[in-house]
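One file, target-v4.pdb, is given below (PDB, N, CA and C atoms).
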```
MODEL        1
ATOM      1  N   PRO F   1       9.960  14.945  -7.020
ATOM      2  CA  PRO F   1      10.075  14.014  -5.902
ATOM      3  C   PRO F   1       8.715  13.759  -5.241
ATOM      4  N   ALA F   2       8.553  12.574  -4.738
ATOM      5  CA  ALA F   2       7.315  12.220  -4.031
ATOM      6  C   ALA F   2       7.255  12.976  -2.706
ATOM      7  N   PRO F   3       6.075  13.491  -2.347
ATOM      8  CA  PRO F   3       5.942  14.143  -1.042
ATOM      9  C   PRO F   3       6.238  13.156   0.093
ATOM     10  N   ALA F   4       6.950  13.631   1.100
ATOM     11  CA  ALA F   4       7.301  12.800   2.250
ATOM     12  C   ALA F   4       6.053  12.500   3.069
ATOM     13  N   PHE F   5       6.045  11.314   3.692
ATOM     14  CA  PHE F   5       4.961  10.962   4.598
ATOM     15  C   PHE F   5       5.427   9.874   5.541
ATOM     16  N   SER F   6       4.667   9.696   6.605
ATOM     17  CA  SER F   6       4.832   8.550   7.490
ATOM     18  C   SER F   6       3.448   8.179   8.003
ATOM     19  N   ALA F   7       3.292   6.907   8.370
ATOM     20  CA  ALA F   7       2.010   6.395   8.842
ATOM     21  C   ALA F   7       2.258   5.084   9.581
ATOM     22  N   PRO F   8       1.239   4.602  10.294
ATOM     23  CA  PRO F   8       1.389   3.345  11.036
ATOM     24  C   PRO F   8       1.447   2.117  10.125
ATOM     25  N   THR F   9       2.303   1.185  10.499
ATOM     26  CA  THR F   9       2.393  -0.116   9.844
ATOM     27  C   THR F   9       1.327  -1.037  10.444
ATOM     28  N   PRO F  10       1.158  -2.235   9.899
ATOM     29  CA  PRO F  10       0.229  -3.182  10.524
ATOM     30  C   PRO F  10       0.581  -3.489  11.984
ATOM     31  N   GLU F  11       1.857  -3.377  12.322
ATOM     32  CA  GLU F  11       2.299  -3.641  13.696
ATOM     33  C   GLU F  11       2.128  -2.427  14.609
ATOM     34  N   GLY F  12       1.711  -1.280  14.041
ATOM     35  CA  GLY F  12       1.490  -0.086  14.834
ATOM     36  C   GLY F  12       2.685   0.842  14.942
ATOM     37  N   GLU F  13       3.781   0.507  14.276
ATOM     38  CA  GLU F  13       4.973   1.360  14.287
ATOM     39  C   GLU F  13       4.882   2.385  13.160
ATOM     40  N   GLU F  14       5.466   3.551  13.369
ATOM     41  CA  GLU F  14       5.469   4.602  12.357
ATOM     42  C   GLU F  14       6.547   4.287  11.320
ATOM     43  N   LEU F  15       6.187   4.356  10.037
ATOM     44  CA  LEU F  15       7.124   4.098   8.954
ATOM     45  C   LEU F  15       7.085   5.277   7.991
ATOM     46  N   ALA F  16       8.256   5.793   7.646
ATOM     47  CA  ALA F  16       8.359   6.926   6.726
ATOM     48  C   ALA F  16       8.752   6.450   5.329
ATOM     49  N   LEU F  17       8.248   7.141   4.328
ATOM     50  CA  LEU F  17       8.600   6.824   2.940
ATOM     51  C   LEU F  17      10.112   6.814   2.761
ATOM     52  N   LYS F  18      10.804   7.788   3.329
ATOM     53  CA  LYS F  18      12.259   7.886   3.154
ATOM     54  C   LYS F  18      13.000   6.641   3.650
ATOM     55  N   ASP F  19      12.378   5.893   4.557
ATOM     56  CA  ASP F  19      13.016   4.700   5.112
ATOM     57  C   ASP F  19      12.916   3.472   4.209
ATOM     58  N   VAL F  20      12.105   3.533   3.169
ATOM     59  CA  VAL F  20      11.898   2.351   2.319
ATOM     60  C   VAL F  20      12.205   2.617   0.850
ATOM     61  N   LEU F  21      12.806   3.747   0.556
ATOM     62  CA  LEU F  21      13.084   4.066  -0.844
ATOM     63  C   LEU F  21      14.111   3.120  -1.441
ATOM     64  N   GLY F  22      13.842   2.686  -2.664
ATOM     65  CA  GLY F  22      14.785   1.909  -3.450
ATOM     66  C   GLY F  22      15.249   2.782  -4.613
ATOM     67  N   LYS F  23      15.893   2.175  -5.596
ATOM     68  CA  LYS F  23      16.245   2.927  -6.806
ATOM     69  C   LYS F  23      14.965   3.439  -7.457
ATOM     70  N   VAL F  24      13.948   2.591  -7.454
ATOM     71  CA  VAL F  24      12.600   2.940  -7.916
ATOM     72  C   VAL F  24      11.642   2.442  -6.843
ATOM     73  N   THR F  25      10.719   3.295  -6.432
ATOM     74  CA  THR F  25       9.761   2.914  -5.389
ATOM     75  C   THR F  25       8.350   3.234  -5.853
ATOM     76  N   LEU F  26       7.497   2.221  -5.807
ATOM     77  CA  LEU F  26       6.085   2.383  -6.129
ATOM     78  C   LEU F  26       5.334   2.721  -4.850
ATOM     79  N   VAL F  27       4.632   3.854  -4.857
ATOM     80  CA  VAL F  27       3.715   4.203  -3.779
ATOM     81  C   VAL F  27       2.332   3.848  -4.311
ATOM     82  N   ASP F  28       1.773   2.763  -3.793
ATOM     83  CA  ASP F  28       0.523   2.215  -4.316
ATOM     84  C   ASP F  28      -0.608   2.461  -3.330
ATOM     85  N   PHE F  29      -1.639   3.162  -3.777
ATOM     86  CA  PHE F  29      -2.815   3.425  -2.954
ATOM     87  C   PHE F  29      -3.869   2.382  -3.290
ATOM     88  N   TRP F  30      -4.407   1.748  -2.258
ATOM     89  CA  TRP F  30      -5.341   0.643  -2.438
ATOM     90  C   TRP F  30      -6.179   0.490  -1.182
ATOM     91  N   ALA F  31      -7.067  -0.502  -1.162
ATOM     92  CA  ALA F  31      -7.833  -0.852   0.035
ATOM     93  C   ALA F  31      -8.335  -2.284  -0.105
ATOM     94  N   ALA F  32      -8.551  -2.921   1.025
ATOM     95  CA  ALA F  32      -9.052  -4.300   1.019
ATOM     96  C   ALA F  32     -10.428  -4.394   0.381
ATOM     97  N   TRP F  33     -11.246  -3.357   0.517
ATOM     98  CA  TRP F  33     -12.612  -3.366  -0.012
ATOM     99  C   TRP F  33     -12.662  -3.041  -1.507
ATOM    100  N   CYS F  34     -11.558  -2.642  -2.098
ATOM    101  CA  CYS F  34     -11.508  -2.189  -3.500
ATOM    102  C   CYS F  34     -11.257  -3.381  -4.424
ATOM    103  N   ARG F  35     -12.309  -3.826  -5.102
ATOM    104  CA  ARG F  35     -12.188  -4.986  -5.998
ATOM    105  C   ARG F  35     -11.135  -4.772  -7.095
ATOM    106  N   PRO F  36     -11.116  -3.626  -7.805
ATOM    107  CA  PRO F  36     -10.072  -3.434  -8.822
ATOM    108  C   PRO F  36      -8.657  -3.473  -8.237
ATOM    109  N   CYS F  37      -8.502  -3.006  -7.007
ATOM    110  CA  CYS F  37      -7.189  -3.065  -6.354
ATOM    111  C   CYS F  37      -6.769  -4.509  -6.145
ATOM    112  N   ARG F  38      -7.697  -5.302  -5.659
ATOM    113  CA  ARG F  38      -7.411  -6.703  -5.348
ATOM    114  C   ARG F  38      -7.104  -7.484  -6.629
ATOM    115  N   VAL F  39      -7.771  -7.150  -7.707
ATOM    116  CA  VAL F  39      -7.513  -7.802  -8.997
ATOM    117  C   VAL F  39      -6.117  -7.433  -9.506
ATOM    118  N   GLU F  40      -5.658  -6.223  -9.217
ATOM    119  CA  GLU F  40      -4.350  -5.751  -9.679
ATOM    120  C   GLU F  40      -3.198  -6.296  -8.829
ATOM    121  N   ASN F  41      -3.467  -6.685  -7.591
ATOM    122  CA  ASN F  41      -2.390  -7.105  -6.693
ATOM    123  C   ASN F  41      -1.512  -8.232  -7.234
ATOM    124  N   PRO F  42      -2.034  -9.255  -7.903
ATOM    125  CA  PRO F  42      -1.131 -10.282  -8.448
ATOM    126  C   PRO F  42      -0.118  -9.709  -9.445
ATOM    127  N   ASN F  43      -0.505  -8.693 -10.200
ATOM    128  CA  ASN F  43       0.434  -8.058 -11.129
ATOM    129  C   ASN F  43       1.530  -7.310 -10.372
ATOM    130  N   ILE F  44       1.164  -6.687  -9.263
ATOM    131  CA  ILE F  44       2.156  -5.986  -8.454
ATOM    132  C   ILE F  44       3.142  -6.988  -7.848
ATOM    133  N   VAL F  45       2.628  -8.108  -7.375
ATOM    134  CA  VAL F  45       3.492  -9.158  -6.830
ATOM    135  C   VAL F  45       4.480  -9.626  -7.906
ATOM    136  N   LYS F  46       3.992  -9.843  -9.108
ATOM    137  CA  LYS F  46       4.849 -10.312 -10.200
ATOM    138  C   LYS F  46       5.963  -9.312 -10.513
ATOM    139  N   VAL F  47       5.618  -8.043 -10.606
ATOM    140  CA  VAL F  47       6.626  -7.007 -10.899
ATOM    141  C   VAL F  47       7.636  -6.902  -9.758
ATOM    142  N   TYR F  48       7.142  -6.959  -8.531
ATOM    143  CA  TYR F  48       8.042  -6.905  -7.381
ATOM    144  C   TYR F  48       9.036  -8.061  -7.421
ATOM    145  N   ASN F  49       8.533  -9.272  -7.636
ATOM    146  CA  ASN F  49       9.412 -10.439  -7.669
ATOM    147  C   ASN F  49      10.442 -10.354  -8.786
ATOM    148  N   GLU F  50      10.061  -9.754  -9.887
ATOM    149  CA  GLU F  50      10.969  -9.640 -11.028
ATOM    150  C   GLU F  50      12.039  -8.565 -10.834
ATOM    151  N   TYR F  51      11.711  -7.458 -10.171
ATOM    152  CA  TYR F  51      12.613  -6.307 -10.135
ATOM    153  C   TYR F  51      13.153  -5.930  -8.753
ATOM    154  N   HIS F  52      12.701  -6.568  -7.698
ATOM    155  CA  HIS F  52      13.167  -6.179  -6.365
ATOM    156  C   HIS F  52      14.684  -6.295  -6.228
ATOM    157  N   ASP F  53      15.272  -7.346  -6.770
ATOM    158  CA  ASP F  53      16.724  -7.529  -6.668
ATOM    159  C   ASP F  53      17.504  -6.454  -7.420
ATOM    160  N   LYS F  54      16.826  -5.699  -8.269
ATOM    161  CA  LYS F  54      17.462  -4.619  -9.024
ATOM    162  C   LYS F  54      17.190  -3.250  -8.397
ATOM    163  N   GLY F  55      16.583  -3.242  -7.184
ATOM    164  CA  GLY F  55      16.378  -1.983  -6.476
ATOM    165  C   GLY F  55      14.958  -1.464  -6.447
ATOM    166  N   PHE F  56      13.987  -2.281  -6.860
ATOM    167  CA  PHE F  56      12.586  -1.863  -6.881
ATOM    168  C   PHE F  56      11.926  -2.159  -5.530
ATOM    169  N   ASN F  57      11.303  -1.159  -4.937
ATOM    170  CA  ASN F  57      10.587  -1.325  -3.677
ATOM    171  C   ASN F  57       9.148  -0.861  -3.829
ATOM    172  N   ILE F  58       8.317  -1.298  -2.903
ATOM    173  CA  ILE F  58       6.908  -0.914  -2.879
ATOM    174  C   ILE F  58       6.536  -0.513  -1.469
ATOM    175  N   ILE F  59       5.709   0.512  -1.351
ATOM    176  CA  ILE F  59       5.025   0.816  -0.107
ATOM    177  C   ILE F  59       3.557   0.993  -0.473
ATOM    178  N   GLN F  60       2.706   0.200   0.142
ATOM    179  CA  GLN F  60       1.275   0.300  -0.131
ATOM    180  C   GLN F  60       0.615   1.107   0.979
ATOM    181  N   VAL F  61      -0.169   2.079   0.549
ATOM    182  CA  VAL F  61      -0.915   2.942   1.455
ATOM    183  C   VAL F  61      -2.380   2.530   1.358
ATOM    184  N   SER F  62      -2.902   1.983   2.444
ATOM    185  CA  SER F  62      -4.274   1.492   2.438
ATOM    186  C   SER F  62      -5.252   2.590   2.831
ATOM    187  N   LEU F  63      -6.350   2.670   2.095
ATOM    188  CA  LEU F  63      -7.433   3.592   2.415
ATOM    189  C   LEU F  63      -8.594   2.827   3.042
ATOM    190  N   ASP F  64      -8.249   1.853   3.863
ATOM    191  CA  ASP F  64      -9.296   1.111   4.547
ATOM    192  C   ASP F  64      -9.982   1.971   5.595
ATOM    193  N   ARG F  65     -11.171   1.529   5.959
ATOM    194  CA  ARG F  65     -12.043   2.285   6.850
ATOM    195  C   ARG F  65     -11.614   2.178   8.318
ATOM    196  N   PRO F  66     -11.970   3.175   9.134
ATOM    197  CA  PRO F  66     -11.711   3.079  10.571
ATOM    198  C   PRO F  66     -12.347   1.813  11.143
ATOM    199  N   GLY F  67     -11.635   1.186  12.056
ATOM    200  CA  GLY F  67     -12.156  -0.010  12.705
ATOM    201  C   GLY F  67     -12.091  -1.271  11.871
ATOM    202  N   GLN F  68     -11.458  -1.214  10.698
ATOM    203  CA  GLN F  68     -11.399  -2.390   9.834
ATOM    204  C   GLN F  68      -9.970  -2.842   9.553
ATOM    205  N   LYS F  69      -9.117  -2.690  10.547
ATOM    206  CA  LYS F  69      -7.728  -3.127  10.413
ATOM    207  C   LYS F  69      -7.655  -4.617  10.088
ATOM    208  N   ASP F  70      -8.569  -5.414  10.671
ATOM    209  CA  ASP F  70      -8.560  -6.850  10.425
ATOM    210  C   ASP F  70      -8.753  -7.178   8.951
ATOM    211  N   LYS F  71      -9.612  -6.439   8.259
ATOM    212  CA  LYS F  71      -9.834  -6.670   6.824
ATOM    213  C   LYS F  71      -8.596  -6.291   6.018
ATOM    214  N   TRP F  72      -7.931  -5.211   6.412
ATOM    215  CA  TRP F  72      -6.681  -4.781   5.770
ATOM    216  C   TRP F  72      -5.627  -5.881   5.909
ATOM    217  N   LEU F  73      -5.422  -6.381   7.120
ATOM    218  CA  LEU F  73      -4.420  -7.409   7.362
ATOM    219  C   LEU F  73      -4.746  -8.709   6.631
ATOM    220  N   LYS F  74      -6.027  -9.073   6.595
ATOM    221  CA  LYS F  74      -6.441 -10.288   5.892
ATOM    222  C   LYS F  74      -6.169 -10.167   4.390
ATOM    223  N   ALA F  75      -6.406  -8.987   3.814
ATOM    224  CA  ALA F  75      -6.145  -8.777   2.387
ATOM    225  C   ALA F  75      -4.655  -8.863   2.078
ATOM    226  N   ILE F  76      -3.813  -8.330   2.959
ATOM    227  CA  ILE F  76      -2.358  -8.439   2.766
ATOM    228  C   ILE F  76      -1.967  -9.909   2.708
ATOM    229  N   GLU F  77      -2.498 -10.694   3.623
ATOM    230  CA  GLU F  77      -2.177 -12.123   3.674
ATOM    231  C   GLU F  77      -2.746 -12.863   2.463
ATOM    232  N   GLU F  78      -4.021 -12.656   2.158
ATOM    233  CA  GLU F  78      -4.669 -13.374   1.057
ATOM    234  C   GLU F  78      -4.032 -13.076  -0.295
ATOM    235  N   ASP F  79      -3.584 -11.831  -0.483
ATOM    236  CA  ASP F  79      -3.020 -11.425  -1.774
ATOM    237  C   ASP F  79      -1.500 -11.586  -1.839
ATOM    238  N   ASN F  80      -0.906 -12.180  -0.797
ATOM    239  CA  ASN F  80       0.550 -12.424  -0.753
ATOM    240  C   ASN F  80       1.367 -11.148  -0.905
ATOM    241  N   LEU F  81       1.001 -10.127  -0.133
ATOM    242  CA  LEU F  81       1.645  -8.822  -0.226
ATOM    243  C   LEU F  81       2.654  -8.585   0.895
ATOM    244  N   GLY F  82       2.995  -9.603   1.641
ATOM    245  CA  GLY F  82       3.845  -9.438   2.807
ATOM    246  C   GLY F  82       5.308  -9.166   2.534
ATOM    247  N   GLN F  83       5.729  -9.190   1.285
ATOM    248  CA  GLN F  83       7.147  -8.990   0.954
ATOM    249  C   GLN F  83       7.588  -7.536   1.092
ATOM    250  N   TRP F  84       6.649  -6.596   1.078
ATOM    251  CA  TRP F  84       7.018  -5.174   1.129
ATOM    252  C   TRP F  84       6.273  -4.474   2.249
ATOM    253  N   ASN F  85       6.468  -3.157   2.332
ATOM    254  CA  ASN F  85       5.941  -2.363   3.439
ATOM    255  C   ASN F  85       4.515  -1.882   3.188
ATOM    256  N   HIS F  86       3.789  -1.768   4.286
ATOM    257  CA  HIS F  86       2.398  -1.317   4.271
ATOM    258  C   HIS F  86       2.186  -0.283   5.362
ATOM    259  N   VAL F  87       1.375   0.723   5.049
ATOM    260  CA  VAL F  87       0.960   1.696   6.051
ATOM    261  C   VAL F  87      -0.506   2.035   5.836
ATOM    262  N   SER F  88      -1.153   2.460   6.918
ATOM    263  CA  SER F  88      -2.529   2.937   6.818
ATOM    264  C   SER F  88      -2.878   3.736   8.062
ATOM    265  N   ASN F  89      -3.556   4.844   7.840
ATOM    266  CA  ASN F  89      -4.128   5.616   8.940
ATOM    267  C   ASN F  89      -5.543   5.141   9.250
ATOM    268  N   LEU F  90      -6.055   4.206   8.422
ATOM    269  CA  LEU F  90      -7.424   3.691   8.559
ATOM    270  C   LEU F  90      -8.419   4.843   8.651
ATOM    271  N   MET F  91      -8.300   5.756   7.672
ATOM    272  CA  MET F  91      -9.155   6.950   7.642
ATOM    273  C   MET F  91      -9.974   7.049   6.361
ATOM    274  N   PHE F  92     -10.036   5.941   5.587
ATOM    275  CA  PHE F  92     -10.844   5.915   4.372
ATOM    276  C   PHE F  92     -10.434   7.088   3.464
ATOM    277  N   TRP F  93     -11.326   7.832   2.900
ATOM    278  CA  TRP F  93     -11.008   8.915   1.965
ATOM    279  C   TRP F  93     -10.467  10.165   2.659
ATOM    280  N   GLN F  94     -10.471  10.195   3.990
ATOM    281  CA  GLN F  94      -9.919  11.333   4.711
ATOM    282  C   GLN F  94      -8.432  11.146   5.016
ATOM    283  N   ASP F  95      -7.823  10.135   4.455
ATOM    284  CA  ASP F  95      -6.409   9.871   4.708
ATOM    285  C   ASP F  95      -5.550  11.061   4.269
ATOM    286  N   PRO F  96      -4.689  11.575   5.150
ATOM    287  CA  PRO F  96      -3.876  12.740   4.793
ATOM    288  C   PRO F  96      -2.844  12.464   3.703
ATOM    289  N   ILE F  97      -2.364  11.229   3.612
ATOM    290  CA  ILE F  97      -1.395  10.905   2.554
ATOM    291  C   ILE F  97      -2.093  10.942   1.197
ATOM    292  N   ALA F  98      -3.275  10.349   1.121
ATOM    293  CA  ALA F  98      -4.039  10.376  -0.130
ATOM    294  C   ALA F  98      -4.349  11.818  -0.526
ATOM    295  N   ALA F  99      -4.676  12.659   0.446
ATOM    296  CA  ALA F  99      -4.957  14.071   0.147
ATOM    297  C   ALA F  99      -3.710  14.762  -0.398
ATOM    298  N   GLU F 100      -2.568  14.508   0.226
ATOM    299  CA  GLU F 100      -1.305  15.121  -0.211
ATOM    300  C   GLU F 100      -0.953  14.720  -1.641
ATOM    301  N   TYR F 101      -1.251  13.484  -1.999
ATOM    302  CA  TYR F 101      -0.945  12.969  -3.331
ATOM    303  C   TYR F 101      -2.070  13.217  -4.338
ATOM    304  N   GLY F 102      -3.159  13.817  -3.904
ATOM    305  CA  GLY F 102      -4.273  14.109  -4.808
ATOM    306  C   GLY F 102      -5.025  12.868  -5.265
ATOM    307  N   ILE F 103      -5.073  11.837  -4.433
ATOM    308  CA  ILE F 103      -5.744  10.592  -4.800
ATOM    309  C   ILE F 103      -7.258  10.763  -4.668
ATOM    310  N   ARG F 104      -7.967  10.512  -5.763
ATOM    311  CA  ARG F 104      -9.412  10.625  -5.771
ATOM    312  C   ARG F 104     -10.121   9.312  -6.144
ATOM    313  N   ALA F 105      -9.312   8.333  -6.564
ATOM    314  CA  ALA F 105      -9.816   7.002  -6.924
ATOM    315  C   ALA F 105      -8.682   6.007  -6.726
ATOM    316  N   ILE F 106      -9.058   4.766  -6.442
ATOM    317  CA  ILE F 106      -8.047   3.718  -6.318
ATOM    318  C   ILE F 106      -8.467   2.525  -7.161
ATOM    319  N   PRO F 107      -7.486   1.729  -7.602
ATOM    320  CA  PRO F 107      -6.063   1.785  -7.288
ATOM    321  C   PRO F 107      -5.386   2.971  -7.940
ATOM    322  N   ALA F 108      -4.348   3.431  -7.286
ATOM    323  CA  ALA F 108      -3.551   4.558  -7.819
ATOM    324  C   ALA F 108      -2.110   4.387  -7.397
TER     325      ALA F 108
ENDMDL
END
```

Whole structure given in structure tokens:
Amino acid sequence: PAPAFSAPTPEGEELALKDVLGKVTLVDFWAAWCRPCRVENPNIVKVYNEYHDKGFNIIQVSLDRPGQKDKWLKAIEEDNLGQWNHVSNLMFWQDPIAAEYGIRAIPA
């Protein structure tokens, strides 16, 4: 099982993984500044659109830098990622969720 976590949404509300689980849930680690992440986002959108009605959900955990919430939000909008849930502590590589999951590179 995936380790439990919660973090702030773009709106500032706390969201827990358990609240967004589907039959299959992708926990995707990314950041607005990560070029490979941004290149992969259209593929994630395509898979989501194809399988969401069958129980597939996504929660994206952003490793964006402190003070750069605006860049995170702009990337969500530009990459058409608004269909699913997003969280970020805006702590860059010190993010506790990334540490819990052993994330050392993104996208993951």

Legend entry - strand (DSSP E or B) positions in chain F, given as number ranges by chain: F: 6-8, 14-16, 24-30, 56-62, 85-88

Inset, instruction - Give me the result of the PyMOL selection byres (((chain F and resi 59 and name CA) around 6) and name CA) on this file, residue by residue, as JSON, numbers by chain. - result: {"F": [27, 58, 60, 85, 86]}

Tell me which protein, DNA and RNA residues are within 8 Å of segment 103-107 of chain F, counting all atoms listed in the file, leaving out same-chain ones fewer than 5 positions away, and put them as a compact mmCIF listing (two decimals) with N, CA and C atoms, in the coordinates of the input.
```txt
# COMPACT_ATOMS: atom_id res chain seq x y z
N ASP F 28 1.77 2.76 -3.79
CA ASP F 28 0.52 2.22 -4.32
C ASP F 28 -0.61 2.46 -3.33
N PHE F 29 -1.64 3.16 -3.78
CA PHE F 29 -2.82 3.42 -2.95
C PHE F 29 -3.87 2.38 -3.29
N TRP F 30 -4.41 1.75 -2.26
CA TRP F 30 -5.34 0.64 -2.44
C TRP F 30 -6.18 0.49 -1.18
N ALA F 31 -7.07 -0.50 -1.16
CA ALA F 31 -7.83 -0.85 0.04
C ALA F 31 -8.34 -2.28 -0.10
N CYS F 34 -11.56 -2.64 -2.10
CA CYS F 34 -11.51 -2.19 -3.50
C CYS F 34 -11.26 -3.38 -4.42
N ARG F 35 -12.31 -3.83 -5.10
CA ARG F 35 -12.19 -4.99 -6.00
C ARG F 35 -11.14 -4.77 -7.10
N PRO F 36 -11.12 -3.63 -7.80
CA PRO F 36 -10.07 -3.43 -8.82
C PRO F 36 -8.66 -3.47 -8.24
N CYS F 37 -8.50 -3.01 -7.01
CA CYS F 37 -7.19 -3.06 -6.35
C CYS F 37 -6.77 -4.51 -6.14
N ARG F 38 -7.70 -5.30 -5.66
CA ARG F 38 -7.41 -6.70 -5.35
C ARG F 38 -7.10 -7.48 -6.63
N TRP F 93 -11.33 7.83 2.90
CA TRP F 93 -11.01 8.91 1.96
C TRP F 93 -10.47 10.16 2.66
N ILE F 97 -2.36 11.23 3.61
CA ILE F 97 -1.40 10.90 2.55
C ILE F 97 -2.09 10.94 1.20
N ALA F 98 -3.28 10.35 1.12
CA ALA F 98 -4.04 10.38 -0.13
C ALA F 98 -4.35 11.82 -0.53
```

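Each of F:Val87, F:Leu81, F:Leu73, F:Val45 was checked against Phe5 of chain F using only C-alpha atoms; the smallest atom-to-atom distance is that of F:Val87.
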
Legend entry - Selected residue of minimal separation from Ala7 of chain F among F:Leu26, F:Ser88, F:Asp64, F:Gly55, counting all atoms listed in the file: F:Ser88

Inset, instruction - Between F:Lys71, F:Tyr48, F:Ser62, F:Asn57, single out the one closest to Val20 of chain F, counting all atoms listed in the file. - result: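 Checking each of F:Lys71, F:Tyr48, F:Ser62, F:Asn57 against Val20 of chain F, counting all atoms listed in the file, the winner is F:Asn57.
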